[in-house]
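The file work29.pdb comes next; it holds PDB, C-alpha atoms.
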ATOM      1  CA  VAL A   5       0.000   0.000   0.000
ATOM      2  CA  PRO A   6       1.630   3.306  -0.968
ATOM      3  CA  SER A   7       2.114   5.439   2.119
ATOM      4  CA  PHE A   8       1.923   8.729   0.225
ATOM      5  CA  ALA A   9      -1.793   8.169  -0.404
ATOM      6  CA  GLY A  10      -2.638   8.781   3.252
ATOM      7  CA  LEU A  11      -0.096  11.367   4.309
ATOM      8  CA  ILE A  12      -1.316  14.237   6.438
ATOM      9  CA  ARG A  13      -0.581  17.067   4.025
ATOM     10  CA  ASP A  14       0.788  20.515   4.745
ATOM     11  CA  GLY A  15      -2.018  22.808   5.917
ATOM     12  CA  GLU A  16      -4.658  20.153   6.603
ATOM     13  CA  ILE A  17      -4.418  20.308  10.392
ATOM     14  CA  SER A  18      -4.491  24.117  10.514
ATOM     15  CA  ALA A  19      -7.437  24.077   8.083
ATOM     16  CA  GLY A  20      -9.256  21.793  10.534
ATOM     17  CA  HIS A  21     -10.049  19.166   7.905
ATOM     18  CA  ILE A  22      -8.260  16.099   6.571
ATOM     19  CA  PRO A  23     -10.447  14.894   3.663
ATOM     20  CA  HIS A  24      -8.939  11.414   3.221
ATOM     21  CA  ALA A  25      -7.914   8.209   4.940
ATOM     22  CA  LEU A  26      -4.719   8.341   6.965
ATOM     23  CA  ALA A  27      -1.632   6.171   6.510
ATOM     24  CA  ALA A  28       0.153   4.698   9.500
ATOM     25  CA  MET A  29       3.203   2.666  10.355
ATOM     26  CA  ALA A  30       2.964   0.013  13.070
ATOM     27  CA  PRO A  31       5.658  -1.783  15.071
ATOM     28  CA  ARG A  32       6.486  -5.388  14.206
ATOM     29  CA  THR A  33       5.111  -6.475  17.589
ATOM     30  CA  ILE A  34       1.610  -5.480  16.439
ATOM     31  CA  LEU A  35       1.765  -6.858  12.888
ATOM     32  CA  GLN A  36       1.008 -10.377  11.685
ATOM     33  CA  THR A  37       2.763 -12.150   8.802
ATOM     34  CA  SER A  38      -0.168 -11.665   6.444
ATOM     35  CA  ALA A  39      -1.773  -8.961   4.338
ATOM     36  CA  VAL A  40      -5.357  -7.931   3.616
ATOM     37  CA  TRP A  41      -6.785  -5.778   0.834
ATOM     38  CA  PRO A  42      -5.623  -3.249  -0.278
ATOM     39  CA  ALA A  43      -2.120  -4.454   0.652
ATOM     40  CA  ALA A  44      -0.489  -6.817  -1.813
ATOM     41  CA  GLY A  45       2.099  -8.189   0.601
ATOM     42  CA  PHE A  46       4.162  -7.787   3.728
ATOM     43  CA  ASP A  47       7.838  -7.963   4.672
ATOM     44  CA  ARG A  48       8.694 -11.678   4.457
ATOM     45  CA  SER A  49      11.671 -11.382   6.812
ATOM     46  CA  SER A  50       9.816  -9.176   9.231
ATOM     47  CA  ASN A  51       9.658 -11.241  12.419
ATOM     48  CA  TYR A  52       6.142  -9.937  13.036
ATOM     49  CA  THR A  53       4.738 -11.229  16.318
ATOM     50  CA  GLY A  54       1.324  -9.548  16.506
ATOM     51  CA  THR A  55      -2.173 -10.091  15.143
ATOM     52  CA  LEU A  56      -2.825  -7.160  12.779
ATOM     53  CA  PRO A  57      -2.398  -7.883   9.033
ATOM     54  CA  MET A  58      -0.603  -5.358   6.813
ATOM     55  CA  GLY A  59      -3.155  -3.228   4.930
ATOM     56  CA  SER A  60      -5.715  -3.332   7.736
ATOM     57  CA  LEU A  61      -8.203  -0.482   7.886
ATOM     58  CA  LEU A  62      -8.759   0.895  11.380
ATOM     59  CA  ALA A  63     -11.391   3.472  12.300
ATOM     60  CA  ILE A  64     -12.993   5.149  15.281
ATOM     61  CA  PRO A  65     -16.558   3.769  15.458
ATOM     62  CA  ALA A  66     -19.366   6.140  14.455
ATOM     63  CA  THR A  67     -20.947   5.610  17.878
ATOM     64  CA  ILE A  68     -18.129   7.515  19.596
ATOM     65  CA  ASP A  69     -18.767  11.228  20.096
ATOM     66  CA  LEU A  70     -15.352  12.709  19.390
ATOM     67  CA  THR A  71     -16.179  15.896  21.300
ATOM     68  CA  THR A  72     -16.254  13.895  24.551
ATOM     69  CA  LEU A  73     -12.646  12.670  24.252
ATOM     70  CA  GLY A  74     -10.980  15.883  25.476
ATOM     71  CA  LEU A  75      -8.958  16.399  22.315
ATOM     72  CA  SER A  76      -7.239  19.601  21.243
ATOM     73  CA  PRO A  77      -8.528  21.194  18.000
ATOM     74  CA  GLN A  78      -5.629  19.575  16.118
ATOM     75  CA  GLY A  79      -6.292  16.176  17.682
ATOM     76  CA  LEU A  80      -9.973  16.509  16.867
ATOM     77  CA  THR A  81      -9.049  17.102  13.207
ATOM     78  CA  ILE A  82      -7.021  13.869  13.138
ATOM     79  CA  ALA A  83      -9.771  11.990  15.003
ATOM     80  CA  HIS A  84     -12.424  13.133  12.502
ATOM     81  CA  ALA A  85     -10.296  11.779   9.639
ATOM     82  CA  ALA A  86      -9.839   8.498  11.536
ATOM     83  CA  GLN A  87     -13.597   8.247  12.094
ATOM     84  CA  ASP A  88     -14.794   9.441   8.673
ATOM     85  CA  TYR A  89     -12.171   7.817   6.418
ATOM     86  CA  GLY A  90     -10.125   5.458   8.588
ATOM     87  CA  VAL A  91      -6.443   4.667   9.006
ATOM     88  CA  TYR A  92      -4.620   2.181   6.772
ATOM     89  CA  VAL A  93      -1.610   0.283   8.114
ATOM     90  CA  VAL A  94       0.854   0.743   5.247
ATOM     91  CA  ASP A  95       4.290  -0.001   6.687
ATOM     92  CA  SER A  96       6.178  -1.464   9.611
ATOM     93  CA  GLY A  97       8.777   0.062  11.854
ATOM     94  CA  GLY A  98       9.469   1.977  14.988
ATOM     95  CA  GLY A  99       8.450   1.311  18.528
ATOM     96  CA  GLY A 100       4.954   2.760  18.314
ATOM     97  CA  PHE A 101       2.065   3.483  16.002
ATOM     98  CA  THR A 102       2.919   6.438  13.733
ATOM     99  CA  PHE A 103       0.628   8.582  11.571
ATOM    100  CA  LEU A 104       2.508   9.515   8.414
ATOM    101  CA  ALA A 105       2.792  13.160   7.363
ATOM    102  CA  GLU A 106       4.274  15.188   4.556
ATOM    103  CA  LEU A 107       7.984  15.866   5.127
ATOM    104  CA  GLY A 108       8.665  19.346   6.392
ATOM    105  CA  ASP A 109       5.073  20.013   7.458
ATOM    106  CA  PRO A 110       5.498  22.706  10.143
ATOM    107  CA  GLU A 111       2.311  21.502  11.868
ATOM    108  CA  ILE A 112       3.812  18.031  12.396
ATOM    109  CA  ARG A 113       7.557  18.618  12.762
ATOM    110  CA  TRP A 114       9.033  18.588  16.213
ATOM    111  CA  ASP A 115      12.760  19.017  16.722
ATOM    112  CA  GLY A 116      12.825  17.941  20.362
ATOM    113  CA  THR A 117      13.923  21.349  21.644
ATOM    114  CA  ALA A 118      10.490  22.830  22.224
ATOM    115  CA  THR A 119       7.587  21.728  24.338
ATOM    116  CA  THR A 120       5.808  18.723  22.872
ATOM    117  CA  PRO A 121       2.792  19.907  20.855
ATOM    118  CA  PRO A 122      -0.400  19.528  22.932
ATOM    119  CA  TRP A 123      -2.051  17.353  20.321
ATOM    120  CA  TRP A 124       0.663  14.684  20.588
ATOM    121  CA  ARG A 125      -1.071  13.307  23.697
ATOM    122  CA  ASP A 126      -4.211  13.175  21.561
ATOM    123  CA  VAL A 127      -2.588  10.521  19.365
ATOM    124  CA  GLN A 128      -2.781   7.994  22.216
ATOM    125  CA  ILE A 129      -6.462   8.800  22.803
ATOM    126  CA  ILE A 130      -7.147   8.315  19.085
ATOM    127  CA  LEU A 131      -5.237   5.012  19.053
ATOM    128  CA  ASN A 132      -7.181   3.779  22.078
ATOM    129  CA  ASN A 133     -10.423   4.297  20.144
ATOM    130  CA  LEU A 134      -9.445   2.685  16.826
ATOM    131  CA  GLN A 135     -11.026  -0.630  15.857
ATOM    132  CA  ARG A 136     -10.328  -2.851  12.864
ATOM    133  CA  VAL A 137     -12.844  -2.676   9.993
ATOM    134  CA  ALA A 138     -13.086  -6.407   9.296
ATOM    135  CA  ASN A 139     -15.217  -6.189   6.129
ATOM    136  CA  ASN A 140     -12.939  -3.833   4.171
ATOM    137  CA  THR A 141     -12.508  -5.595   0.813
ATOM    138  CA  ALA A 142     -12.170  -4.702  -2.864
ATOM    139  CA  SER A 143     -15.922  -5.228  -3.259
ATOM    140  CA  THR A 144     -16.795  -3.401  -0.010
ATOM    141  CA  PRO A 145     -14.160  -0.638   0.318
ATOM    142  CA  GLY A 146     -14.261   1.084   3.666
ATOM    143  CA  GLY A 147     -16.487  -1.716   4.944
ATOM    144  CA  GLY A 148     -19.311  -1.077   2.478
ATOM    145  CA  GLY A 149     -22.502   0.818   3.105
ATOM    146  CA  ILE A 150     -23.000   4.553   2.820
ATOM    147  CA  PRO A 151     -19.744   6.499   3.313
ATOM    148  CA  ARG A 152     -19.624   8.803   6.350
ATOM    149  CA  ALA A 153     -17.951  11.521   4.278
ATOM    150  CA  PRO A 154     -17.418  12.344   0.583
ATOM    151  CA  LEU A 155     -14.564  10.624  -1.186
ATOM    152  CA  ALA A 156     -11.221  12.368  -0.928
ATOM    153  CA  PRO A 157     -10.544  15.006  -3.591
ATOM    154  CA  GLY A 158      -7.962  14.370  -6.291
ATOM    155  CA  PHE A 159      -4.436  15.736  -6.016
ATOM    156  CA  LYS A 160      -3.819  19.212  -7.399
ATOM    157  CA  ASN A 161      -0.900  19.817  -9.730
TER
END
As structure tokens, how would this structure be written, given the file I've shared?
Amino acid sequence: VPSFAGLIRDGEISAGHIPHALAAMAPRTILQTSAVWPAAGFDRSSNYTGTLPMGSLLAIPATIDLTTLGLSPQGLTIAHAAQDYGVYVVDSGGGGFTFLAELGDPEIRWDGTATTPPWWRDVQIILNNLQRVANNTASTPGGGGIPRAPLAPGFKN
């Protein structure tokens, strides 16, 4: 699954709207040695020890009222994308679950010298509310049914 398709793009968080599914990287301890649609494969020499297949779609259930989670405005923007479009597991690596973002995005970048952005704690709250969409297939993308939000717009040149 190409990770660029779900990158948080420059300006989306400050605009308060991410109109597409998110891409994420998960540690090997979470991943399973298998892949589900839309992924075509997984790292064969990965030493995965978890239960989540590569390509899995995760989402915050529609029954959760995001305004009750105590999120910052930036965290709420990410949570809405996770609820409306979902989060695809597109790669492995690192010691934790990582949302992928455009390189150099000033809203995302943190150089370690400043105070941690307040919405970084929101990431753990969002992760705690994600559930796997088990019926996400080529014939039922996003789990089928009526989409919660319009399809993502095309890329601008």
* To do: Using the chain letters and numbers from the file, give me the residues hit by the PyMOL selection byres ((chain A and resi 27) around 12), as a PyMOL selection string.
  => chain A and resi 5-13+22+24-26+28-30+58-63+82+85-86+89-96+101-106
* Convert the output of the PyMOL selection byres ((chain A and resi 32-43) around 6) on the shown file into explicit residues, formatted as a VMD selection string. => chain A and resid 5 31 44 to 45 52 to 59 141
Quick check on the file I pasted: which residues fall under the PyMOL selection byres ((chain A and resi 75) around 12)? Write them as a PDB file with C-alpha atoms, in the coordinates of the input.
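What landed in part.pdb:
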ATOM      1  CA  ASP A  69     -18.767  11.228  20.096  1.00  0.00           C
ATOM      2  CA  LEU A  70     -15.352  12.709  19.390  1.00  0.00           C
ATOM      3  CA  THR A  71     -16.179  15.896  21.300  1.00  0.00           C
ATOM      4  CA  THR A  72     -16.254  13.895  24.551  1.00  0.00           C
ATOM      5  CA  LEU A  73     -12.646  12.670  24.252  1.00  0.00           C
ATOM      6  CA  GLY A  74     -10.980  15.883  25.476  1.00  0.00           C
ATOM      7  CA  SER A  76      -7.239  19.601  21.243  1.00  0.00           C
ATOM      8  CA  PRO A  77      -8.528  21.194  18.000  1.00  0.00           C
ATOM      9  CA  GLN A  78      -5.629  19.575  16.118  1.00  0.00           C
ATOM     10  CA  GLY A  79      -6.292  16.176  17.682  1.00  0.00           C
ATOM     11  CA  LEU A  80      -9.973  16.509  16.867  1.00  0.00           C
ATOM     12  CA  THR A  81      -9.049  17.102  13.207  1.00  0.00           C
ATOM     13  CA  ILE A  82      -7.021  13.869  13.138  1.00  0.00           C
ATOM     14  CA  ALA A  83      -9.771  11.990  15.003  1.00  0.00           C
ATOM     15  CA  HIS A  84     -12.424  13.133  12.502  1.00  0.00           C
ATOM     16  CA  PRO A 122      -0.400  19.528  22.932  1.00  0.00           C
ATOM     17  CA  TRP A 123      -2.051  17.353  20.321  1.00  0.00           C
ATOM     18  CA  TRP A 124       0.663  14.684  20.588  1.00  0.00           C
ATOM     19  CA  ARG A 125      -1.071  13.307  23.697  1.00  0.00           C
ATOM     20  CA  ASP A 126      -4.211  13.175  21.561  1.00  0.00           C
ATOM     21  CA  VAL A 127      -2.588  10.521  19.365  1.00  0.00           C
ATOM     22  CA  GLN A 128      -2.781   7.994  22.216  1.00  0.00           C
ATOM     23  CA  ILE A 129      -6.462   8.800  22.803  1.00  0.00           C
ATOM     24  CA  ILE A 130      -7.147   8.315  19.085  1.00  0.00           C
TER      25      ILE A 130
END
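Atom pair CA of Ala138 (chain A) / CA of Pro154 (chain A): separated by 21.1 Å.
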* **Length of the CA of Gly147 (chain A) to CA of Leu131 (chain A) vector [Å]** =>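 Computing it gives 19.3 Å between the two atoms.
Of the listed residues A:Ile150, A:Leu155, A:Pro65, A:Asp88, the one whose atoms come nearest to Asn133 (chain A) is A:Pro65, with distances taken using only C-alpha atoms.
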* For CA of Gln135 (chain A) and CA of Ile68 (chain A), determine how far apart the two atoms are, in Å to one decimal place. =>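 These atoms are spaced 11.4 Å apart.
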